[in-house]
file query-v7.txt (compact mmCIF, C-alpha atoms)
# COMPACT_ATOMS: atom_id res chain seq x y z
CA MET Z 79 107.43 113.75 84.53
CA LEU Z 80 111.00 114.63 85.55
CA ASN Z 81 113.82 112.24 84.75
CA GLN Z 82 116.29 113.63 87.25
CA GLN Z 83 115.72 113.24 90.97
CA THR Z 84 114.51 116.30 92.86
CA PRO Z 85 115.55 117.14 96.45
CA LEU Z 86 112.21 115.76 97.74
CA ASP Z 87 112.76 112.49 95.80
CA LEU Z 88 116.18 112.09 97.41
CA MET Z 89 114.93 112.98 100.91
CA PHE Z 90 111.94 110.61 100.89
CA GLN Z 91 114.14 107.92 99.31
CA ALA Z 92 116.70 108.41 102.10
CA LEU Z 93 113.98 108.11 104.76
CA ALA Z 94 112.56 104.90 103.22
CA ASP Z 95 115.05 102.73 105.13
CA PRO Z 96 114.83 101.83 108.86
CA SER Z 97 118.60 102.06 109.43
CA ARG Z 98 118.75 105.53 107.90
CA ARG Z 99 115.71 106.66 109.91
CA PHE Z 100 117.45 105.28 113.02
CA MET Z 101 120.48 107.46 112.18
CA VAL Z 102 118.28 110.53 111.65
CA GLU Z 103 116.52 109.82 114.98
CA ARG Z 104 119.90 109.68 116.72
CA LEU Z 105 121.16 112.84 114.99
CA SER Z 106 118.00 114.79 115.84
CA ARG Z 107 119.18 114.50 119.46
CA GLY Z 108 122.58 116.00 118.55
CA PRO Z 109 125.68 115.44 116.37
CA ALA Z 110 127.45 112.07 116.48
CA SER Z 111 130.58 110.47 115.05
CA VAL Z 112 130.30 107.70 112.46
CA SER Z 113 131.42 105.09 115.03
CA GLU Z 114 128.85 106.33 117.58
CA LEU Z 115 126.14 105.96 114.91
CA ALA Z 116 127.40 102.50 113.92
CA LYS Z 117 127.58 101.15 117.51
CA PRO Z 118 123.89 100.14 118.01
CA LEU Z 119 123.52 98.90 114.42
CA THR Z 120 124.18 95.27 113.47
CA MET Z 121 125.94 96.04 110.21
CA SER Z 122 129.47 96.54 108.91
CA LEU Z 123 131.11 99.96 109.06
CA PRO Z 124 131.21 100.21 105.21
CA ALA Z 125 127.42 99.58 105.18
CA VAL Z 126 126.95 102.36 107.76
CA VAL Z 127 129.12 104.71 105.67
CA GLN Z 128 127.05 103.88 102.58
CA HIS Z 129 123.80 104.73 104.40
CA LEU Z 130 125.35 107.99 105.63
CA GLN Z 131 126.32 108.86 102.06
CA VAL Z 132 122.70 108.40 100.95
CA LEU Z 133 121.60 110.71 103.79
CA GLU Z 134 124.31 113.26 102.95
CA ASN Z 135 123.47 113.21 99.20
CA SER Z 136 119.82 113.87 100.06
CA GLY Z 137 120.85 116.95 102.07
CA LEU Z 138 119.29 115.59 105.29
CA ILE Z 139 122.66 115.46 107.05
CA ARG Z 140 126.10 116.97 106.65
CA THR Z 141 129.37 115.50 107.85
CA GLU Z 142 132.68 117.10 108.74
CA LYS Z 143 136.02 115.46 109.38
CA VAL Z 144 138.34 116.79 112.06
CA GLY Z 145 141.52 114.75 112.33
CA ARG Z 146 140.45 111.11 112.07
CA VAL Z 147 136.90 111.64 113.32
CA ARG Z 148 133.98 112.31 110.96
CA THR Z 149 131.04 113.93 112.76
CA CYS Z 150 127.48 113.89 111.39
CA HIS Z 151 124.94 116.68 111.90
CA ILE Z 152 121.28 116.83 110.94
CA GLU Z 153 120.39 119.56 108.41
CA TRP Z 154 117.14 120.74 109.87
CA ALA Z 155 116.32 123.08 106.96
CA ALA Z 156 116.24 120.07 104.60
CA MET Z 157 114.09 118.02 106.99
CA GLN Z 158 111.68 120.95 107.06
CA THR Z 159 111.29 120.84 103.26
CA ALA Z 160 109.95 117.28 103.51
CA GLU Z 161 107.84 118.13 106.56
CA GLN Z 162 106.42 121.19 104.79
CA TRP Z 163 105.34 119.10 101.80
CA MET Z 164 103.36 116.82 104.12
CA ASP Z 165 101.99 119.79 106.04
CA GLU Z 166 100.66 121.38 102.84
CA ARG Z 167 98.85 118.15 101.92
CA ARG Z 168 97.27 118.04 105.38
CA LYS Z 169 96.10 121.68 105.11
CA SER Z 170 94.64 120.97 101.67
CA TRP Z 171 92.80 117.97 103.14
CA GLU Z 172 91.56 119.98 106.14
CA ARG Z 173 90.26 122.75 103.84
CA ARG Z 174 88.31 120.10 101.94
CA LEU Z 175 86.80 118.78 105.18
CA ASP Z 176 85.89 122.36 106.20
CA ARG Z 177 84.14 122.97 102.88
CA LEU Z 178 82.34 119.64 103.22
CA GLY Z 179 81.24 120.56 106.75
CA GLU Z 180 79.96 123.98 105.57
CA PHE Z 181 78.11 122.34 102.70
CA LEU Z 182 76.46 119.81 105.02
CA ALA Z 183 75.53 122.54 107.54
CA GLU Z 184 73.96 124.68 104.78
CA ASP Z 185 72.20 121.63 103.40
CA GLY Z 186 70.80 120.84 106.86
CA ASN Z 187 69.48 124.42 107.25
CA GLN Z 188 67.42 124.26 104.06
CA MET G 285 118.18 95.76 110.90
CA LEU G 286 114.83 94.59 109.49
CA ASN G 287 114.74 92.66 106.25
CA GLN G 288 111.07 93.18 105.53
CA GLN G 289 109.72 96.61 104.66
CA THR G 290 107.85 98.45 107.37
CA PRO G 291 104.82 100.72 106.70
CA LEU G 292 107.09 103.79 107.02
CA ASP G 293 109.56 102.31 104.48
CA LEU G 294 106.73 101.79 102.00
CA MET G 295 105.23 105.24 102.60
CA PHE G 296 108.48 107.17 102.20
CA GLN G 297 109.38 105.00 99.20
CA ALA G 298 105.98 105.81 97.64
CA LEU G 299 106.53 109.55 98.22
CA ALA G 300 110.02 109.46 96.65
CA ASP G 301 108.63 109.92 93.15
CA PRO G 302 107.32 113.22 91.67
CA SER G 303 104.44 111.57 89.75
CA ARG G 304 103.22 109.80 92.87
CA ARG G 305 103.51 113.00 94.93
CA PHE G 306 101.53 114.77 92.19
CA MET G 307 98.79 112.13 92.59
CA VAL G 308 98.80 112.53 96.39
CA GLU G 309 98.60 116.33 95.96
CA ARG G 310 95.57 115.90 93.69
CA LEU G 311 93.90 113.39 96.04
CA SER G 312 94.44 115.59 99.10
CA ARG G 313 91.94 117.96 97.42
CA GLY G 314 89.38 115.13 97.08
CA PRO G 315 88.81 111.69 95.50
CA ALA G 316 89.48 111.22 91.77
CA SER G 317 89.09 108.51 89.17
CA VAL G 318 92.17 106.88 87.60
CA SER G 319 91.54 108.69 84.30
CA GLU G 320 91.19 112.07 86.09
CA LEU G 321 94.54 111.41 87.80
CA ALA G 322 96.16 110.33 84.53
CA LYS G 323 94.93 113.35 82.50
CA PRO G 324 97.61 115.93 83.48
CA LEU G 325 100.43 113.34 83.46
CA THR G 326 102.49 112.64 80.34
CA MET G 327 102.62 108.88 80.80
CA SER G 328 100.73 105.80 79.67
CA LEU G 329 97.69 104.59 81.61
CA PRO G 330 99.50 101.35 82.63
CA ALA G 331 102.31 103.49 84.09
CA VAL G 332 99.75 105.53 86.05
CA VAL G 333 98.12 102.31 87.32
CA GLN G 334 101.53 101.01 88.42
CA HIS G 335 102.21 104.22 90.41
CA LEU G 336 98.75 103.96 91.99
CA GLN G 337 99.51 100.37 93.02
CA VAL G 338 102.69 101.53 94.78
CA LEU G 339 100.64 104.19 96.60
CA GLU G 340 97.91 101.68 97.49
CA ASN G 341 100.43 99.07 98.73
CA SER G 342 101.99 101.72 100.97
CA GLY G 343 98.57 102.42 102.51
CA LEU G 344 98.66 106.10 101.48
CA ILE G 345 95.63 105.71 99.21
CA ARG G 346 92.78 103.27 98.76
CA THR G 347 90.83 102.62 95.56
CA GLU G 348 87.33 101.32 94.95
CA LYS G 349 85.75 100.19 91.73
CA VAL G 350 82.10 100.96 91.01
CA GLY G 351 81.03 99.66 87.61
CA ARG G 352 83.89 100.49 85.23
CA VAL G 353 85.24 103.43 87.22
CA ARG G 354 88.01 103.02 89.83
CA THR G 355 88.05 105.94 92.29
CA CYS G 356 91.10 106.78 94.43
CA HIS G 357 90.94 108.26 97.92
CA ILE G 358 93.73 109.48 100.17
CA GLU G 359 94.11 107.57 103.45
CA TRP G 360 94.83 110.42 105.78
CA ALA G 361 95.57 108.19 108.81
CA ALA G 362 98.52 106.66 106.91
CA MET G 363 99.80 110.08 105.81
CA GLN G 364 99.69 111.11 109.47
CA THR G 365 101.98 108.21 110.44
CA ALA G 366 104.70 109.60 108.16
CA GLU G 367 104.01 113.18 109.26
CA GLN G 368 104.16 112.14 112.91
CA TRP G 369 107.58 110.54 112.44
CA MET G 370 108.92 113.84 111.07
CA ASP G 371 107.16 115.80 113.79
CA GLU G 372 108.81 113.70 116.52
CA ARG G 373 112.26 114.36 115.01
CA ARG G 374 111.52 118.09 114.95
CA LYS G 375 110.43 118.07 118.62
CA SER G 376 113.54 116.14 119.57
CA TRP G 377 115.64 118.74 117.74
CA GLU G 378 113.78 121.66 119.38
CA ARG G 379 114.29 120.13 122.85
CA ARG G 380 117.99 119.95 122.09
CA LEU G 381 118.06 123.64 121.09
CA ASP G 382 116.12 124.54 124.27
CA ARG G 383 118.65 122.67 126.45
CA LEU G 384 121.50 124.35 124.57
CA GLY G 385 119.86 127.75 125.12
CA GLU G 386 119.42 127.07 128.86
CA PHE G 387 123.01 125.91 129.13
CA LEU G 388 124.31 129.03 127.38
CA ALA G 389 122.09 131.29 129.55
CA GLU G 390 123.35 129.62 132.74
CA ASP G 391 126.89 129.79 131.49
CA GLY G 392 126.45 133.52 130.78
CA ASN G 393 125.14 134.14 134.35
CA GLN G 394 128.19 132.62 135.98
call {"tool": "encode", "arguments": {"input": "query-v7.txt", "output": "structure tokens"}}
result
Amino acid sequence: MLNQQTPLDLMFQALADPSRRFMVERLSRGPASVSELAKPLTMSLPAVVQHLQVLENSGLIRTEKVGRVRTCHIEWAAMQTAEQWMDERRKSWERRLDRLGEFLAEDGNQ
Amino acid sequence: MLNQQTPLDLMFQALADPSRRFMVERLSRGPASVSELAKPLTMSLPAVVQHLQVLENSGLIRTEKVGRVRTCHIEWAAMQTAEQWMDERRKSWERRLDRLGEFLAEDGNQ
């Protein structure tokens, strides 16, 4: 398959860590500064920054620096790409169940 | 944060690979044997088996062996756990937009 990582690879990889999901959960309620995000986490600021870089590289968040404060925002369009992939799988699965149900109903009528 | 991997960590980690997503896409259309899953992939059978083990360990699929054939099934309940996490973030984000909209409407009426 592909050797280079696709956007979906990077997004799911970014979400595969509880600290990063915690950050995304916080940012889905509104933008926050790096220090606000770090406050409830029991880790060093450099570790927080590293996690934020993984999230930013995946496209799930963007950050902007005004003066000395870096603010993080969720990128909802990117989150939707990952959600859409899961949604398509669910629809595919539901279609299969529908077909199975129709088959069983027809089979029962014979 | 946590040192041991949670079910969500394992699920998102499992989905962070295009070959494994390809397998999940195939299985969301119905069960398949290991050799059926391997057929369209340009990789060795041991590599396919390794990817399937990652998917099985994450809970996203289960496999059963009857005679010499191992059949893989998607575990939709596990997929829903990951989908639900994304869905909750989206709702949180939508609530924020609603509040922002109400605030701006009130602000405009003053």
call {"tool": "atom_distance", "arguments": {"input": "query-v7.txt", "atom1": "atom CA of Ala110 of chain Z", "atom2": "atom CA of Arg148 of chain Z"}}
result
8.6 Å
call {"tool": "atom_distance", "arguments": {"input": "query-v7.txt", "atom1": "atom CA of Gly343 of chain G", "atom2": "atom CA of Phe296 of chain G"}}
result
11.0 Å
call {"tool": "residues_around", "arguments": {"input": "query-v7.txt", "residues": "Lys349 of chain G", "least_positions_apart": "6", "cutoff": "12 Å", "atoms": "all atoms listed in the file", "output": "list of chain:residue names"}}
result
G:Ala316, G:Ser317, G:Val318, G:Thr355, G:Cys356, G:His357
call {"tool": "axis_aligned_box", "arguments": {"input": "query-v7.txt", "around": "segment 125-131 of chain Z", "padding_each_side": "3 Å", "output": "lines of an AutoDock Vina configuration file"}}
result
center_x = 126.5
center_y = 104.2
center_z = 104.9
size_x = 11.3
size_y = 15.3
size_z = 11.7
call {"tool": "closest_atom_pairs", "arguments": {"input": "query-v7.txt", "of": "chain Z", "to": "chain G", "cutoff": "6 Å", "atoms": "only C-alpha atoms", "output": "tab-separated table"}}
result
residue	atom	partner	partner_atom	distance
Z:Asp87	CA	G:Ala300	CA	4.2
Z:Phe90	CA	G:Ala300	CA	4.8
Z:Gln91	CA	G:Ala300	CA	5.1
Z:Ala94	CA	G:Asp293	CA	4.2
Z:Asp95	CA	G:Asp293	CA	5.5
Z:Ser106	CA	G:Trp377	CA	5.0
Z:Arg107	CA	G:Trp377	CA	5.8
Z:Arg167	CA	G:Ser312	CA	5.8
Z:Ser170	CA	G:Arg313	CA	5.9
Z:Trp171	CA	G:Ser312	CA	5.0
call {"tool": "atom_distance", "arguments": {"input": "query-v7.txt", "atom1": "atom CA of Ala322 of chain G", "atom2": "atom CA of Asp176 of chain Z"}}
result
26.8 Å
call {"tool": "calpha_fit_and_write", "arguments": {"input": "query-v7.txt", "fixed": "chain Z", "moving": "chain G", "output": "compact mmCIF listing (two decimals) with C-alpha atoms, in the frame of the given file"}}
result
# COMPACT_ATOMS: atom_id res chain seq x y z
CA MET G 285 107.43 113.79 84.49
CA LEU G 286 110.98 114.63 85.59
CA ASN G 287 113.80 112.26 84.78
CA GLN G 288 116.27 113.64 87.28
CA GLN G 289 115.70 113.25 91.00
CA THR G 290 114.48 116.28 92.88
CA PRO G 291 115.54 117.13 96.47
CA LEU G 292 112.20 115.75 97.75
CA ASP G 293 112.74 112.48 95.82
CA LEU G 294 116.16 112.07 97.42
CA MET G 295 114.91 112.97 100.91
CA PHE G 296 111.94 110.60 100.90
CA GLN G 297 114.13 107.90 99.32
CA ALA G 298 116.70 108.40 102.11
CA LEU G 299 113.97 108.11 104.78
CA ALA G 300 112.57 104.89 103.24
CA ASP G 301 115.05 102.73 105.14
CA PRO G 302 114.84 101.83 108.87
CA SER G 303 118.63 102.05 109.44
CA ARG G 304 118.77 105.51 107.91
CA ARG G 305 115.74 106.65 109.93
CA PHE G 306 117.47 105.28 113.04
CA MET G 307 120.50 107.45 112.20
CA VAL G 308 118.29 110.52 111.66
CA GLU G 309 116.54 109.81 115.00
CA ARG G 310 119.93 109.68 116.73
CA LEU G 311 121.18 112.85 115.00
CA SER G 312 118.02 114.79 115.84
CA ARG G 313 119.20 114.50 119.47
CA GLY G 314 122.61 116.00 118.55
CA PRO G 315 125.71 115.44 116.37
CA ALA G 316 127.48 112.06 116.48
CA SER G 317 130.59 110.47 115.04
CA VAL G 318 130.31 107.67 112.45
CA SER G 319 131.44 105.08 115.02
CA GLU G 320 128.86 106.33 117.58
CA LEU G 321 126.16 105.96 114.90
CA ALA G 322 127.41 102.51 113.91
CA LYS G 323 127.60 101.14 117.50
CA PRO G 324 123.92 100.14 118.01
CA LEU G 325 123.53 98.88 114.41
CA THR G 326 124.21 95.26 113.47
CA MET G 327 125.96 96.03 110.20
CA SER G 328 129.49 96.53 108.91
CA LEU G 329 131.12 99.97 109.05
CA PRO G 330 131.20 100.21 105.21
CA ALA G 331 127.43 99.58 105.18
CA VAL G 332 126.94 102.36 107.75
CA VAL G 333 129.12 104.71 105.66
CA GLN G 334 127.05 103.88 102.56
CA HIS G 335 123.80 104.74 104.40
CA LEU G 336 125.36 108.00 105.63
CA GLN G 337 126.32 108.87 102.04
CA VAL G 338 122.70 108.41 100.95
CA LEU G 339 121.61 110.71 103.79
CA GLU G 340 124.30 113.27 102.94
CA ASN G 341 123.47 113.22 99.20
CA SER G 342 119.82 113.86 100.07
CA GLY G 343 120.85 116.94 102.07
CA LEU G 344 119.29 115.59 105.29
CA ILE G 345 122.66 115.45 107.06
CA ARG G 346 126.09 116.96 106.63
CA THR G 347 129.39 115.49 107.84
CA GLU G 348 132.70 117.10 108.73
CA LYS G 349 136.03 115.46 109.35
CA VAL G 350 138.35 116.80 112.04
CA GLY G 351 141.53 114.76 112.30
CA ARG G 352 140.46 111.11 112.03
CA VAL G 353 136.92 111.64 113.30
CA ARG G 354 133.98 112.30 110.93
CA THR G 355 131.06 113.93 112.76
CA CYS G 356 127.50 113.90 111.38
CA HIS G 357 124.96 116.67 111.89
CA ILE G 358 121.30 116.83 110.93
CA GLU G 359 120.40 119.55 108.42
CA TRP G 360 117.14 120.71 109.87
CA ALA G 361 116.31 123.07 106.96
CA ALA G 362 116.24 120.06 104.59
CA MET G 363 114.09 118.02 106.99
CA GLN G 364 111.68 120.97 107.07
CA THR G 365 111.29 120.85 103.27
CA ALA G 366 109.95 117.30 103.52
CA GLU G 367 107.84 118.14 106.57
CA GLN G 368 106.41 121.19 104.81
CA TRP G 369 105.32 119.10 101.82
CA MET G 370 103.34 116.82 104.15
CA ASP G 371 101.98 119.79 106.07
CA GLU G 372 100.65 121.38 102.86
CA ARG G 373 98.83 118.14 101.95
CA ARG G 374 97.28 118.04 105.42
CA LYS G 375 96.08 121.67 105.14
CA SER G 376 94.63 120.96 101.72
CA TRP G 377 92.79 117.97 103.18
CA GLU G 378 91.52 119.99 106.18
CA ARG G 379 90.23 122.75 103.87
CA ARG G 380 88.32 120.09 101.97
CA LEU G 381 86.76 118.77 105.20
CA ASP G 382 85.86 122.36 106.23
CA ARG G 383 84.11 122.98 102.88
CA LEU G 384 82.31 119.64 103.21
CA GLY G 385 81.21 120.58 106.74
CA GLU G 386 79.92 123.99 105.56
CA PHE G 387 78.09 122.36 102.67
CA LEU G 388 76.43 119.81 104.96
CA ALA G 389 75.49 122.55 107.49
CA GLU G 390 73.93 124.68 104.74
CA ASP G 391 72.19 121.67 103.32
CA GLY G 392 70.79 120.86 106.78
CA ASN G 393 69.43 124.45 107.16
CA GLN G 394 67.44 124.29 103.95
call {"tool": "closest_residue", "arguments": {"input": "query-v7.txt", "among": "G:Glu359, G:Glu386, G:Gln288, G:Pro324", "to": "Thr347 of chain G", "atoms": "all atoms listed in the file"}}
result
G:Glu359
call {"tool": "decode", "arguments": {"input": "query-v7.txt", "residues": "segment 313-330 of chain G", "atoms": "N, CA and C atoms", "output": "PDB file, in the first residue's frame"}}
result
ATOM      1  N   ARG G 313     -18.712  -4.536   4.479  1.00  0.00           N
ATOM      2  CA  ARG G 313     -19.662  -5.045   3.475  1.00  0.00           C
ATOM      3  C   ARG G 313     -19.995  -6.513   3.725  1.00  0.00           C
ATOM      4  N   GLY G 314     -19.391  -7.118   4.767  1.00  0.00           N
ATOM      5  CA  GLY G 314     -19.669  -8.520   5.097  1.00  0.00           C
ATOM      6  C   GLY G 314     -18.412  -9.274   5.473  1.00  0.00           C
ATOM      7  N   PRO G 315     -18.559 -10.427   6.154  1.00  0.00           N
ATOM      8  CA  PRO G 315     -17.396 -11.207   6.585  1.00  0.00           C
ATOM      9  C   PRO G 315     -16.543 -11.663   5.399  1.00  0.00           C
ATOM     10  N   ALA G 316     -15.261 -11.930   5.650  1.00  0.00           N
ATOM     11  CA  ALA G 316     -14.358 -12.400   4.593  1.00  0.00           C
ATOM     12  C   ALA G 316     -13.269 -13.268   5.210  1.00  0.00           C
ATOM     13  N   SER G 317     -12.768 -14.192   4.415  1.00  0.00           N
ATOM     14  CA  SER G 317     -11.655 -15.023   4.893  1.00  0.00           C
ATOM     15  C   SER G 317     -10.367 -14.204   4.786  1.00  0.00           C
ATOM     16  N   VAL G 318      -9.323 -14.678   5.474  1.00  0.00           N
ATOM     17  CA  VAL G 318      -8.027 -13.987   5.440  1.00  0.00           C
ATOM     18  C   VAL G 318      -7.509 -13.907   4.008  1.00  0.00           C
ATOM     19  N   SER G 319      -7.656 -14.994   3.242  1.00  0.00           N
ATOM     20  CA  SER G 319      -7.125 -14.969   1.867  1.00  0.00           C
ATOM     21  C   SER G 319      -7.934 -14.024   0.974  1.00  0.00           C
ATOM     22  N   GLU G 320      -9.250 -13.923   1.203  1.00  0.00           N
ATOM     23  CA  GLU G 320     -10.061 -12.944   0.448  1.00  0.00           C
ATOM     24  C   GLU G 320      -9.593 -11.516   0.745  1.00  0.00           C
ATOM     25  N   LEU G 321      -9.289 -11.263   2.040  1.00  0.00           N
ATOM     26  CA  LEU G 321      -8.829  -9.926   2.436  1.00  0.00           C
ATOM     27  C   LEU G 321      -7.456  -9.622   1.849  1.00  0.00           C
ATOM     28  N   ALA G 322      -6.616 -10.669   1.758  1.00  0.00           N
ATOM     29  CA  ALA G 322      -5.238 -10.473   1.295  1.00  0.00           C
ATOM     30  C   ALA G 322      -5.167 -10.232  -0.211  1.00  0.00           C
ATOM     31  N   LYS G 323      -6.131 -10.825  -0.960  1.00  0.00           N
ATOM     32  CA  LYS G 323      -6.082 -10.844  -2.430  1.00  0.00           C
ATOM     33  C   LYS G 323      -5.786  -9.470  -3.063  1.00  0.00           C
ATOM     34  N   PRO G 324      -6.561  -8.413  -2.742  1.00  0.00           N
ATOM     35  CA  PRO G 324      -6.294  -7.133  -3.431  1.00  0.00           C
ATOM     36  C   PRO G 324      -5.097  -6.372  -2.879  1.00  0.00           C
ATOM     37  N   LEU G 325      -4.475  -6.866  -1.811  1.00  0.00           N
ATOM     38  CA  LEU G 325      -3.369  -6.135  -1.172  1.00  0.00           C
ATOM     39  C   LEU G 325      -2.017  -6.640  -1.689  1.00  0.00           C
ATOM     40  N   THR G 326      -1.117  -5.700  -1.959  1.00  0.00           N
ATOM     41  CA  THR G 326       0.213  -6.093  -2.451  1.00  0.00           C
ATOM     42  C   THR G 326       1.159  -6.269  -1.261  1.00  0.00           C
ATOM     43  N   MET G 327       0.867  -7.271  -0.442  1.00  0.00           N
ATOM     44  CA  MET G 327       1.757  -7.559   0.685  1.00  0.00           C
ATOM     45  C   MET G 327       1.707  -9.058   0.986  1.00  0.00           C
ATOM     46  N   SER G 328       2.697  -9.513   1.733  1.00  0.00           N
ATOM     47  CA  SER G 328       2.775 -10.943   2.059  1.00  0.00           C
ATOM     48  C   SER G 328       1.630 -11.335   2.989  1.00  0.00           C
ATOM     49  N   LEU G 329       1.313 -12.627   3.007  1.00  0.00           N
ATOM     50  CA  LEU G 329       0.252 -13.114   3.884  1.00  0.00           C
ATOM     51  C   LEU G 329       0.605 -12.871   5.364  1.00  0.00           C
ATOM     52  N   PRO G 330       1.869 -13.105   5.785  1.00  0.00           N
ATOM     53  CA  PRO G 330       2.205 -12.792   7.189  1.00  0.00           C
ATOM     54  C   PRO G 330       1.962 -11.327   7.554  1.00  0.00           C
TER      55      PRO G 330
END
